[in-house]
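The structure appears right after this line, and notes come after that.
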Amino acid sequence: MTKFYITALILCLFSTISSAQVYFPEKGAWEQKSPSELSMNSDKIAEAIQFAKSHESDANPNLKIAHYESGFGREPFGYPVGPMKTRGPATGLIIYKGYVVGQWGEPDRVDLTFSVAKSFLSTTAGLAVQEGLIADENDLVYPYMAPIYPYEPAKLMVNKSDHFFEEDVFELFDTEHNRTITWDHLLRQTSDWEGSLWGKPDWADRPSEGVSKKRARPQNTPGSVYEYNDTRVNVLALALLNIWRKPLPTVLKEKIMDPIGASDTWRWTGYENSFVIIDGQIIQSVSGGSHWGGGMMLSAWDQARFGYLTLRNGSWNGKQLIAPEWIKKSKTPTPANPSYGFMNYFLNEDLKQVPAAPKSAFLHIGAGTNMIYVDPENDLLIVARWIPNEDKAELVKMVLESLGK
């Protein structure tokens, strides 16, 4: 046996042993250890938890009221069209080397997670690439699309002759601009897709320059400008539904949430008007966030399981659920915004998100603030819910200080 094969065998055995030593929680149970058992500073963990509890968001817990008290409620067409629910208290989990070393609030409570839903959405895109439904994320989207047949039962009660010249279907990518958009552009929020979906025009979402200017400006070349825009996120959700031909929550449940032992309490919903007909079935197209209601509702424990999957590079207990290449691409900086990868991977390479953290750390972030902090370098995961955005970095810093490095 040559030296090469002996070395390869040793590396393979070492990799197998190392993998076997990584802890993965079973469904309904996540092993806990005291910070001191893992050589952490218990007092600093206690201080971090107290900081998170005392720095709860001051937004109204009734998320409908909070919506209308925020800038979202004052946008054109800013009314919610999906379900919302009253949120719980400041909540979180600290997981180090796979074990729970701290928790606060109500981790079992199912709450909206806002734009963290985007990370679940981009995961279903990665799964579509793995399944061969999308050949390459750099492909143009329009060749993959069929006409969309919306489910609109209210039309059954109107005079058909009044709608004789109206289309019964619509196209997502039928303009000259939209036909130049790739999957990658949608994933990175650089598509500048033009149009209206589910009653929400693209220009109505966060028109910081003013509605008239935003409506009048020419569309940016796809890939050239980053713009956080939930109408376009919902375009990606509907486009993915078209190629999967089944509800995205079903895809996520079968391929991700069940294998990682998530609870049965999470729900991913769309809007009251986001139903389409595919293969004779009425299917709801989901929301990629909760800007107008809907989106992902789940517990902090389920957030942690998803974050732990990304911490482990898409692998769970010996099974590669998300291709490592997709995780790598998700963490690749977007040229138009180097702090952003695929939605909703916020990168720390410029140390702006969390100055005290390694450059390799990344975060799944949603309004609220809902945060999943993922730190492969330190084997650390933090879930924090309903903490002001400006306080999240301090919380992470305090936990990092407990490591004693």
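Naming works like this for the structure tokens: A, B, ... for the chains as they're shown, residue 1 at the start of each chain, ligands 1 onward in shown order.
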
Self-check item: Residue list (strand (DSSP E), DSSP) for range 129-314 of chain A, as a PyMOL selection string
Solution: chain A and resi 196-197+200-201+267-278+281-286+295-298

Please report as JSON lines every residue of range 84-201 of chain A lying within 12 Å of range 309-314 of chain A, along with the nearest atom pair and their distance in Å (one decimal), using only C-alpha atoms.
```
{"residue": "A:Ile95", "atom": "CA", "partner": "A:Leu311", "partner_atom": "CA", "distance": 11.0}
{"residue": "A:Tyr96", "atom": "CA", "partner": "A:Leu311", "partner_atom": "CA", "distance": 11.1}
{"residue": "A:Lys97", "atom": "CA", "partner": "A:Leu311", "partner_atom": "CA", "distance": 10.4}
{"residue": "A:Gly98", "atom": "CA", "partner": "A:Leu311", "partner_atom": "CA", "distance": 9.8}
{"residue": "A:Ser119", "atom": "CA", "partner": "A:Thr310", "partner_atom": "CA", "distance": 10.1}
{"residue": "A:Phe120", "atom": "CA", "partner": "A:Thr310", "partner_atom": "CA", "distance": 11.0}
{"residue": "A:Thr123", "atom": "CA", "partner": "A:Gly314", "partner_atom": "CA", "distance": 10.0}
{"residue": "A:Gly126", "atom": "CA", "partner": "A:Gly314", "partner_atom": "CA", "distance": 10.8}
{"residue": "A:Leu127", "atom": "CA", "partner": "A:Gly314", "partner_atom": "CA", "distance": 11.1}
```

Exercise. Pick out the residues sitting within 10 Å of Asp111 in chain A, and hand them over as a list in words; count only C-alpha atoms, and ignore anything fewer than 5 positions along from it in its own chain.
Key: Met84, Lys85, Thr86, Arg87, Gly88, Trp266, Arg267, Met296, Met297, Leu298, Ser299, Ala300 and Arg385 of chain A

Exercise. Write out as a PyMOL selection string each polymer residue whose atoms come within 7 Å of Ala204 in chain A, counting only C-alpha atoms; drop sequence neighbours fewer than 3 positions from it.
Key: chain A and resi 75-77+200-201+207+211

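Between Ile322 in chain A and the residues A:Gly293, A:Glu47, A:Gly210, A:Ile256, the shortest atom-to-atom distance, using only C-alpha atoms, involves A:Ile256.
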
Practice problem: Determine, counting only C-alpha atoms, which protein, DNA and RNA residues have an atom within 12 Å of an atom of Ser208 in chain A; residues of the same chain fewer than 4 positions away are not included. Present the result as a PyMOL selection string. | Solution: chain A and resi 71-72+74-76+203-204+212-215+227-229

Self-check item: Which of range 73-236 of chain A DSSP labels alpha helix (DSSP H), written as a PyMOL selection string
Solution: chain A and resi 117-130+183-187+211-216+230-236

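For the atom pair formed by CA of Leu400 in chain A and CA of Arg188 in chain A, the distance is 29.3 Å, given to one decimal.
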
Practice problem: Give the answer as one residue: which of A:Arg206, A:Pro153, A:Met145, A:Trp244 has the shortest atom-to-atom distance to Ser70 in chain A, using only C-alpha atoms? | Solution: A:Arg206

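Residues within 6 Å of Ile387 in chain A, counting only C-alpha atoms and excluding same-chain residues fewer than 2 positions away, are A:Glu56, A:Ser57, A:Thr369, A:Arg385.
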
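Using only C-alpha atoms, the shortest contact distance between Val399 in chain A and any of A:Phe165, A:Tyr373, A:Trp193, A:Phe24 is found at A:Tyr373.
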
Quiz item: Within 12 Å of Glu167 in chain A, counting only C-alpha atoms, which residues qualify if same-chain residues fewer than 5 places away don't, as a VMD selection string?
Solution: chain A and resid 147 to 150 160

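Among A:Thr250, A:Asn242, A:Thr124, A:Asn234, the residue with the shortest atom-to-atom distance to Gly270 in chain A, counting only C-alpha atoms, is A:Asn234.
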
Enumerate, in order of chain and increasing residue number, the residues of range 193-274 of chain A with an atom no farther than 12 Å from range 315-321 of chain A, each with its shortest atom pair and distance in Å to one decimal, counting only C-alpha atoms, as CSV.
```
residue,atom,partner,partner_atom,distance
A:Leu252,CA,A:Leu321,CA,10.8
A:Lys253,CA,A:Leu321,CA,11.9
A:Glu254,CA,A:Leu321,CA,10.6
A:Lys255,CA,A:Leu321,CA,7.0
A:Ile256,CA,A:Leu321,CA,6.7
A:Met257,CA,A:Leu321,CA,10.1
A:Asp258,CA,A:Leu321,CA,10.9
A:Pro259,CA,A:Trp316,CA,7.7
A:Ile260,CA,A:Trp316,CA,6.6
A:Gly261,CA,A:Trp316,CA,9.8
```

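Considering the residues A:Ala146, A:Leu236, A:Ala262, A:Leu241 and counting only C-alpha atoms, Phe170 in chain A has its shortest atom-to-atom contact with A:Ala146.
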
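Counting only C-alpha atoms, the residue from A:Pro143, A:Phe114, A:Met371, A:Ala336 that sits nearest to Asn220 in chain A is A:Ala336.
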